[in-house]
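The file upload25.cif comes next; it holds mmCIF, C-alpha atoms.
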data_structure
loop_
_atom_site.label_atom_id
_atom_site.label_comp_id
_atom_site.auth_asym_id
_atom_site.auth_seq_id
_atom_site.Cartn_x
_atom_site.Cartn_y
_atom_site.Cartn_z
CA MET A 1 -21.91 17.06 -5.41
CA GLN A 2 -21.87 14.51 -2.61
CA PRO A 3 -18.86 12.18 -2.94
CA GLY A 4 -19.78 8.58 -3.50
CA LEU A 5 -18.42 5.30 -4.79
CA TYR A 6 -17.17 6.73 -8.08
CA HIS A 7 -15.07 9.40 -6.38
CA ILE A 8 -13.35 6.81 -4.22
CA LEU A 9 -12.80 4.56 -7.20
CA PHE A 10 -11.18 7.51 -8.98
CA ILE A 11 -8.84 8.05 -6.04
CA SER A 12 -7.88 4.41 -5.81
CA THR A 13 -7.32 4.12 -9.57
CA ALA A 14 -5.09 7.21 -9.56
CA LEU A 15 -3.14 5.89 -6.58
CA PHE A 16 -2.72 2.49 -8.22
CA PHE A 17 -1.26 3.97 -11.39
CA MET A 18 0.98 6.32 -9.41
CA GLY A 19 2.40 3.23 -7.76
CA VAL A 20 2.83 1.57 -11.16
CA TYR A 21 4.62 4.67 -12.47
CA GLY A 22 6.98 4.60 -9.50
CA PHE A 23 7.60 0.91 -10.07
CA PHE A 24 8.51 1.59 -13.71
CA THR A 25 10.78 4.57 -13.18
CA ARG A 26 12.56 3.83 -9.90
CA ARG A 27 15.67 1.69 -9.81
CA ASN A 28 16.24 1.72 -6.06
CA LEU A 29 14.78 -1.24 -4.17
CA VAL A 30 13.47 0.79 -1.22
CA THR A 31 11.60 3.23 -3.44
CA MET A 32 10.20 0.34 -5.46
CA LEU A 33 8.89 -1.09 -2.20
CA MET A 34 7.22 2.26 -1.45
CA SER A 35 5.49 2.18 -4.84
CA LEU A 36 4.29 -1.33 -4.04
CA GLU A 37 2.79 -0.07 -0.78
CA LEU A 38 0.83 2.56 -2.73
CA VAL A 39 -0.58 -0.15 -5.00
CA LEU A 40 -1.61 -2.34 -2.06
CA ASN A 41 -3.27 0.62 -0.35
CA SER A 42 -5.30 1.48 -3.42
CA VAL A 43 -6.58 -2.10 -3.53
CA ASN A 44 -7.55 -1.87 0.15
CA LEU A 45 -9.42 1.36 -0.51
CA ASN A 46 -11.34 -0.37 -3.29
CA PHE A 47 -12.38 -3.24 -1.03
CA ILE A 48 -13.57 -0.89 1.70
CA ALA A 49 -15.47 1.35 -0.73
CA PHE A 50 -17.31 -1.57 -2.32
CA ASN A 51 -18.12 -2.96 1.10
CA LYS A 52 -19.54 0.40 2.17
CA TYR A 53 -21.56 1.28 -0.91
CA VAL A 54 -22.59 -2.04 -2.48
CA TRP A 55 -22.92 -4.49 0.42
CA PRO A 56 -23.27 -2.37 3.56
CA GLY A 57 -24.70 -5.21 5.65
CA LYS A 58 -21.75 -7.55 5.14
CA MET A 59 -18.13 -7.48 6.23
CA ASP A 60 -16.37 -9.47 3.51
CA GLY A 61 -14.55 -6.50 1.98
CA LEU A 62 -13.41 -5.39 5.40
CA PHE A 63 -11.90 -8.79 6.12
CA PHE A 64 -10.19 -8.90 2.76
CA ALA A 65 -8.64 -5.52 3.54
CA LEU A 66 -7.53 -6.70 6.98
CA PHE A 67 -5.86 -9.82 5.59
CA ILE A 68 -4.22 -7.80 2.82
CA ILE A 69 -2.77 -5.46 5.46
CA ALA A 70 -1.39 -8.42 7.41
CA ILE A 71 0.15 -10.00 4.31
CA ALA A 72 1.56 -6.64 3.19
CA ALA A 73 3.26 -6.23 6.56
CA ALA A 74 4.86 -9.68 6.25
CA GLU A 75 5.90 -8.93 2.67
CA ALA A 76 7.49 -5.60 3.60
CA ALA A 77 9.44 -7.21 6.44
CA VAL A 78 10.82 -9.97 4.22
CA ALA A 79 11.61 -7.50 1.44
CA ILE A 80 13.56 -5.25 3.79
CA ALA A 81 15.49 -8.23 5.16
CA ILE A 82 16.45 -9.15 1.60
CA ILE A 83 17.37 -5.54 0.78
CA ILE A 84 19.64 -5.22 3.80
CA ASN A 85 21.31 -8.53 3.04
CA LEU A 86 21.84 -7.40 -0.55
CA TYR A 87 23.35 -4.14 0.64
CA ARG A 88 25.79 -6.04 2.83
CA ASN A 89 27.03 -8.09 -0.10
CA HIS A 90 26.99 -5.47 -2.87
CA LYS A 91 27.13 -2.08 -1.09
CA SER A 92 24.29 -1.05 -3.37
CA ILE A 93 20.53 -1.60 -3.56
CA ASP A 94 20.12 -0.66 -7.19
CA VAL A 95 18.31 -3.38 -9.14
CA ASN A 96 20.76 -3.04 -12.00
CA ASP A 97 23.59 -4.15 -9.71
CA ALA A 98 21.75 -7.21 -8.42
CA GLU A 99 22.45 -9.69 -11.17
CA ASP A 100 24.02 -12.61 -9.34
CA LEU A 101 21.48 -15.12 -10.60
CA LYS A 102 21.95 -14.02 -14.18
CA TYR A 103 25.13 -15.86 -15.14
CA MET B 28 -20.96 21.74 -0.44
CA ASN B 29 -21.15 20.82 3.22
CA GLY B 30 -18.40 20.02 5.69
CA SER B 31 -18.24 16.32 4.93
CA THR B 32 -17.66 16.99 1.23
CA ILE B 33 -14.91 19.49 1.96
CA VAL B 34 -13.20 17.01 4.28
CA PHE B 35 -13.43 14.34 1.59
CA TYR B 36 -11.76 16.53 -1.02
CA LEU B 37 -9.03 17.59 1.39
CA LEU B 38 -8.30 13.94 2.22
CA ALA B 39 -8.30 13.06 -1.48
CA LEU B 40 -5.88 15.90 -2.18
CA GLN B 41 -3.59 14.78 0.62
CA THR B 42 -3.63 11.16 -0.54
CA LEU B 43 -3.05 11.84 -4.22
CA GLY B 44 -0.56 14.66 -3.69
CA GLY B 45 1.44 12.58 -1.25
CA GLY B 46 1.46 9.62 -3.61
CA LEU B 47 2.51 11.71 -6.61
CA LEU B 48 5.32 13.46 -4.75
CA SER B 49 6.43 10.15 -3.26
CA VAL B 50 7.03 8.56 -6.65
CA THR B 51 8.58 11.63 -8.29
CA THR B 52 10.89 13.23 -5.71
CA ARG B 53 14.60 12.51 -6.02
CA GLN B 54 15.35 12.64 -2.30
CA ILE B 55 14.65 9.23 -0.88
CA PHE B 56 13.93 10.37 2.68
CA ARG B 57 11.37 12.87 1.43
CA ALA B 58 9.80 10.09 -0.61
CA ALA B 59 9.26 8.14 2.62
CA ILE B 60 7.72 11.17 4.34
CA TYR B 61 5.36 11.84 1.40
CA LEU B 62 4.38 8.17 1.52
CA LEU B 63 3.57 8.70 5.20
CA PHE B 64 1.24 11.60 4.33
CA SER B 65 -0.44 9.54 1.64
CA LEU B 66 -1.06 6.64 4.03
CA ILE B 67 -2.46 8.99 6.67
CA GLY B 68 -4.78 10.39 4.01
CA ILE B 69 -6.02 6.88 3.26
CA ALA B 70 -6.62 6.29 6.97
CA GLY B 71 -8.61 9.55 6.98
CA LEU B 72 -10.68 8.27 4.08
CA TYR B 73 -11.47 5.14 6.10
CA PHE B 74 -12.58 7.37 8.95
CA TRP B 75 -14.69 9.36 6.47
CA LEU B 76 -16.32 6.10 5.35
CA GLU B 77 -17.06 5.35 9.04
CA TYR B 78 -14.90 2.23 9.22
CA GLN B 79 -13.07 3.21 12.37
CA PHE B 80 -11.48 -0.15 13.08
CA ILE B 81 -9.78 -0.49 9.72
CA ALA B 82 -8.62 3.14 9.92
CA ALA B 83 -6.98 2.40 13.27
CA VAL B 84 -5.39 -0.74 11.82
CA GLN B 85 -4.12 1.30 8.88
CA ILE B 86 -2.50 3.85 11.17
CA VAL B 87 -0.98 1.25 13.48
CA VAL B 88 0.34 -1.12 10.81
CA TYR B 89 1.28 1.19 7.95
CA VAL B 90 2.11 4.50 9.57
CA GLY B 91 3.52 3.04 12.75
CA GLY B 92 5.08 -0.09 11.31
CA ILE B 93 5.90 -0.22 7.64
CA VAL B 94 6.93 3.41 7.15
CA VAL B 95 9.19 3.25 10.20
CA LEU B 96 10.71 0.04 8.80
CA ILE B 97 11.28 1.75 5.44
CA ILE B 98 12.89 4.77 7.13
CA PHE B 99 15.20 2.48 9.08
CA SER B 100 16.23 0.67 5.94
CA ILE B 101 16.91 4.03 4.25
CA PHE B 102 19.17 4.95 7.16
CA LEU B 103 20.97 1.64 6.84
CA THR B 104 21.49 1.68 3.11
CA GLN B 105 21.76 5.28 1.87
CA GLN B 106 24.39 7.96 2.18
CA THR B 107 22.96 11.18 3.57
CA GLY B 108 22.28 13.97 1.13
CA GLU B 109 22.67 11.76 -1.91
CA LEU B 110 20.09 12.24 -4.62
CA LEU B 111 18.60 9.31 -6.46
CA PRO B 112 20.04 8.94 -9.97
CA ARG B 113 18.15 10.74 -12.68
CA GLN B 114 16.24 8.48 -15.01
CA THR B 115 16.50 8.69 -18.73
CA LEU B 116 13.87 10.78 -20.43
CA GLY B 117 12.75 7.93 -22.65
CA ARG B 118 11.94 5.69 -19.74
CA LYS B 119 10.04 8.47 -17.97
CA VAL B 120 8.02 9.34 -21.07
CA PHE B 121 7.14 5.73 -21.87
CA SER B 122 6.21 4.99 -18.25
CA ALA B 123 4.02 8.08 -18.05
CA LEU B 124 2.38 7.19 -21.35
CA ALA B 125 1.69 3.59 -20.32
CA VAL B 126 0.37 4.67 -16.93
CA PHE B 127 -1.84 7.35 -18.45
CA CYS B 128 -3.31 4.93 -20.98
CA GLY B 129 -4.04 2.37 -18.25
CA PHE B 130 -5.57 5.03 -16.04
CA ALA B 131 -7.79 6.38 -18.80
CA LEU B 132 -8.93 2.90 -19.80
CA THR B 133 -9.81 1.98 -16.21
CA ILE B 134 -11.63 5.24 -15.52
CA VAL B 135 -13.69 4.93 -18.71
CA GLN B 136 -14.62 1.37 -17.77
CA ILE B 137 -15.64 2.44 -14.27
CA TRP B 138 -17.76 5.33 -15.47
CA GLN B 139 -19.57 3.20 -18.01
CA HIS B 140 -20.37 0.52 -15.46
CA SER B 141 -23.26 1.09 -13.09
CA PHE B 142 -22.72 -0.60 -9.77
CA PRO B 143 -25.75 -1.92 -7.85
CA LEU B 144 -25.57 0.68 -5.11
CA ALA B 145 -27.35 -0.27 -1.92
CA THR B 146 -28.63 2.11 0.70
CA GLY B 147 -28.38 0.71 4.15
CA ASP B 148 -26.70 1.17 7.44
CA ALA B 149 -23.46 -0.59 8.17
CA THR B 150 -24.66 -1.66 11.58
CA LEU B 151 -22.58 -4.84 11.64
CA VAL B 152 -19.27 -3.06 11.44
CA THR B 153 -18.43 -2.62 15.08
CA VAL B 154 -15.35 -3.95 16.78
CA ALA B 155 -17.46 -6.59 18.57
CA GLY B 156 -19.03 -7.68 15.28
CA ILE B 157 -15.64 -7.84 13.57
CA GLY B 158 -14.21 -9.94 16.40
CA LYS B 159 -17.15 -12.36 16.39
CA SER B 160 -16.95 -12.75 12.65
CA MET B 161 -13.19 -13.10 12.56
CA LEU B 162 -13.18 -16.06 14.92
CA GLY B 163 -16.50 -17.50 13.82
CA THR B 164 -16.56 -20.97 12.29
CA ASN B 165 -20.05 -20.92 10.82
CA ASP B 166 -21.26 -19.08 7.74
CA GLY B 167 -19.54 -15.72 7.39
CA GLY B 168 -16.77 -16.62 9.81
CA TYR B 169 -13.11 -16.16 9.05
CA ALA B 170 -11.42 -18.48 11.54
CA LEU B 171 -9.50 -20.48 8.89
CA PRO B 172 -7.94 -17.48 7.06
CA PHE B 173 -7.12 -16.00 10.45
CA GLU B 174 -5.12 -19.08 11.39
CA VAL B 175 -3.49 -19.24 7.98
CA VAL B 176 -2.40 -15.60 8.29
CA SER B 177 -0.98 -16.27 11.73
CA MET B 178 1.08 -19.14 10.28
CA LEU B 179 2.19 -16.84 7.45
CA LEU B 180 3.35 -14.17 9.92
CA LEU B 181 5.29 -16.79 11.87
CA ALA B 182 6.92 -18.05 8.68
CA ALA B 183 7.79 -14.47 7.66
CA LEU B 184 9.34 -13.85 11.07
CA VAL B 185 11.54 -16.95 10.85
CA GLY B 186 12.39 -16.17 7.24
CA CYS B 187 13.44 -12.61 8.07
CA ILE B 188 15.77 -13.85 10.80
CA VAL B 189 17.30 -16.47 8.50
CA ILE B 190 17.78 -14.00 5.63
CA ALA B 191 19.18 -11.20 7.74
CA LEU B 192 21.70 -13.37 9.59
CA ARG B 193 25.19 -12.26 8.70
CA SER B 194 26.54 -14.57 6.08
CA LYS B 195 30.19 -15.53 5.90
CA PRO B 196 32.41 -13.18 3.92
CA GLU B 197 33.29 -14.53 0.53
CA THR B 198 36.72 -16.14 0.33
CA THR B 199 37.03 -16.39 -3.43
#

Just dump the structure as structure tokens.
Amino acid sequence: MQPGLYHILFISTALFFMGVYGFFTRRNLVTMLMSLELVLNSVNLNFIAFNKYVWPGKMDGLFFALFIIAIAAAEAAVAIAIIINLYRNHKSIDVNDAEDLKY
Amino acid sequence: MNGSTIVFYLLALQTLGGGLLSVTTRQIFRAAIYLLFSLIGIAGLYFWLEYQFIAAVQIVVYVGGIVVLIIFSIFLTQQTGELLPRQTLGRKVFSALAVFCGFALTIVQIWQHSFPLATGDATLVTVAGIGKSMLGTNDGGYALPFEVVSMLLLAALVGCIVIALRSKPETT
């Protein structure tokens, strides 16, 4: 059977929920960031697949994917700056230890 | 079953296997390496879909940039050889249950929906076409989001420097 749009949508759905599972179960900030990258990549794959199979003459999905990649890069950089700053102050990057704003 | 199909299933296996191992392994460095394999698999899928430019961007930005950044932050924040703490069984079971229910719901919705598939050649998607459209100001041009993203990247750069500056040690 020739792979088509539905196969790629299956892959991106599975990847999205793997990322969500990692986000639920992990308590380390770096691994949570990795799960977030999986989610963002599955969304990109969706945009590219719809652009290829539903509107092959246009480039809108491609540009959405490009801008998502740029924003994800900025987000990862800021997140890692925050994580390293947190590690300096707490010697830990576990989310259960980061409760300064709570009290 | 021709060569293209086999390549597709191999790339799908690499992507999904890498993602699954990345969220389940207890060694954080291995998690980063599995994430790397998964991202390379996605870049391969873009190549399979014949979107070469976005596949190159994926490799350069994710594989060359973000994963290296994550590995550096692991080196800066983790002790070597230390396993991640084991999660409680209840949390694992409830997460897996919630994720499985969401996955099943989404897949059923997708299979019941029939998308208006078009058959045509993606002749526009060349690097020259992408460049013209990205800086175009008329219909179908993306000059304004391009500028907004450049401002966002500048703001993120300044923000990273401000956040990561060494703050004064607490005196209390």

| Hey, what's within 7 Å of Asn46 in chain A if we count only C-alpha atoms and toss same-chain stuff fewer than 3 positions away? As a ChimeraX atom specification, please? | /A:9,12,42-43,49-50

| field | CA of Val94 in chain B to CA of Ala98 in chain A, straight-line distance in Å | value |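 If I compute the distance from CA of Ala98 in chain A to CA of Val94 in chain B, I get 24.0 Å.
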
| request: Kindly indicate which residue among B:Val154, B:Ser49, B:Trp75, B:Phe130 lies nearest to Pro3 in chain A, using only C-alpha atoms for the distances. | output: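 Ranked by minimum distance to Pro3 in chain A, first place goes to B:Trp75.
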
| request: Between CA of Gly68 in chain B and CA of Thr42 in chain B, measure the distance and give it in Å to one decimal. | output: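 Interatomic distance here is 4.8 Å.
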
| message | I need the output of the PyMOL selection byres ((chain B) within 7 of (chain A)) for this file as a PyMOL selection string; which residues are they? | response | chain B and resi 28+32+39+43+46-47+50+93+100+104+114+118-119+122-123+126+130+134+143-145+147-152+180+183+187+190-191

| query | How far is it from CA of Leu66 in chain B to CA of Gly92 in chain B, in Å with one decimal? | reply | 11.7 Å

I'd like the box whose edges run along x, y and z of the file and which contains every listed atom of range 88-102 of chain A, padded by 4 Å per side; could you state its centre and edge lengths in Å, one decimal, as AutoDock Vina command-line options?
--center_x 22.7 --center_y -7.9 --center_z -5.7 --size_x 16.8 --size_y 22.5 --size_z 25.0

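Taking all atoms listed in the file into account, Phe74 in chain B lies nearest to B:Phe35 out of the set B:Leu111, B:Phe35, B:Gly91, B:Ala58.
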
Could range 31-43 of chain A be completed with N, CA and C atoms and returned as a tab-separated table (two decimals), keeping the file's coordinate frame?
chain	number	residue	atom	x	y	z
A	31	THR	N	12.66	2.43	-2.84
A	31	THR	CA	11.60	3.23	-3.44
A	31	THR	C	10.63	2.37	-4.24
A	32	MET	N	11.13	1.26	-4.80
A	32	MET	CA	10.20	0.34	-5.46
A	32	MET	C	9.24	-0.27	-4.45
A	33	LEU	N	9.76	-0.56	-3.26
A	33	LEU	CA	8.89	-1.09	-2.20
A	33	LEU	C	7.83	-0.07	-1.80
A	34	MET	N	8.21	1.22	-1.77
A	34	MET	CA	7.22	2.26	-1.45
A	34	MET	C	6.12	2.31	-2.50
A	35	SER	N	6.50	2.19	-3.78
A	35	SER	CA	5.49	2.18	-4.84
A	35	SER	C	4.54	1.00	-4.67
A	36	LEU	N	5.11	-0.14	-4.26
A	36	LEU	CA	4.29	-1.33	-4.04
A	36	LEU	C	3.29	-1.09	-2.91
A	37	GLU	N	3.71	-0.37	-1.88
A	37	GLU	CA	2.79	-0.07	-0.78
A	37	GLU	C	1.63	0.80	-1.27
A	38	LEU	N	1.92	1.74	-2.17
A	38	LEU	CA	0.83	2.56	-2.73
A	38	LEU	C	-0.17	1.69	-3.47
A	39	VAL	N	0.32	0.73	-4.25
A	39	VAL	CA	-0.58	-0.15	-5.00
A	39	VAL	C	-1.46	-0.95	-4.05
A	40	LEU	N	-0.84	-1.52	-3.01
A	40	LEU	CA	-1.61	-2.34	-2.06
A	40	LEU	C	-2.65	-1.50	-1.34
A	41	ASN	N	-2.31	-0.23	-1.03
A	41	ASN	CA	-3.27	0.62	-0.35
A	41	ASN	C	-4.44	0.99	-1.24
A	42	SER	N	-4.18	1.17	-2.54
A	42	SER	CA	-5.30	1.48	-3.42
A	42	SER	C	-6.26	0.30	-3.51
A	43	VAL	N	-5.71	-0.91	-3.50
A	43	VAL	CA	-6.58	-2.10	-3.53
A	43	VAL	C	-7.43	-2.18	-2.26
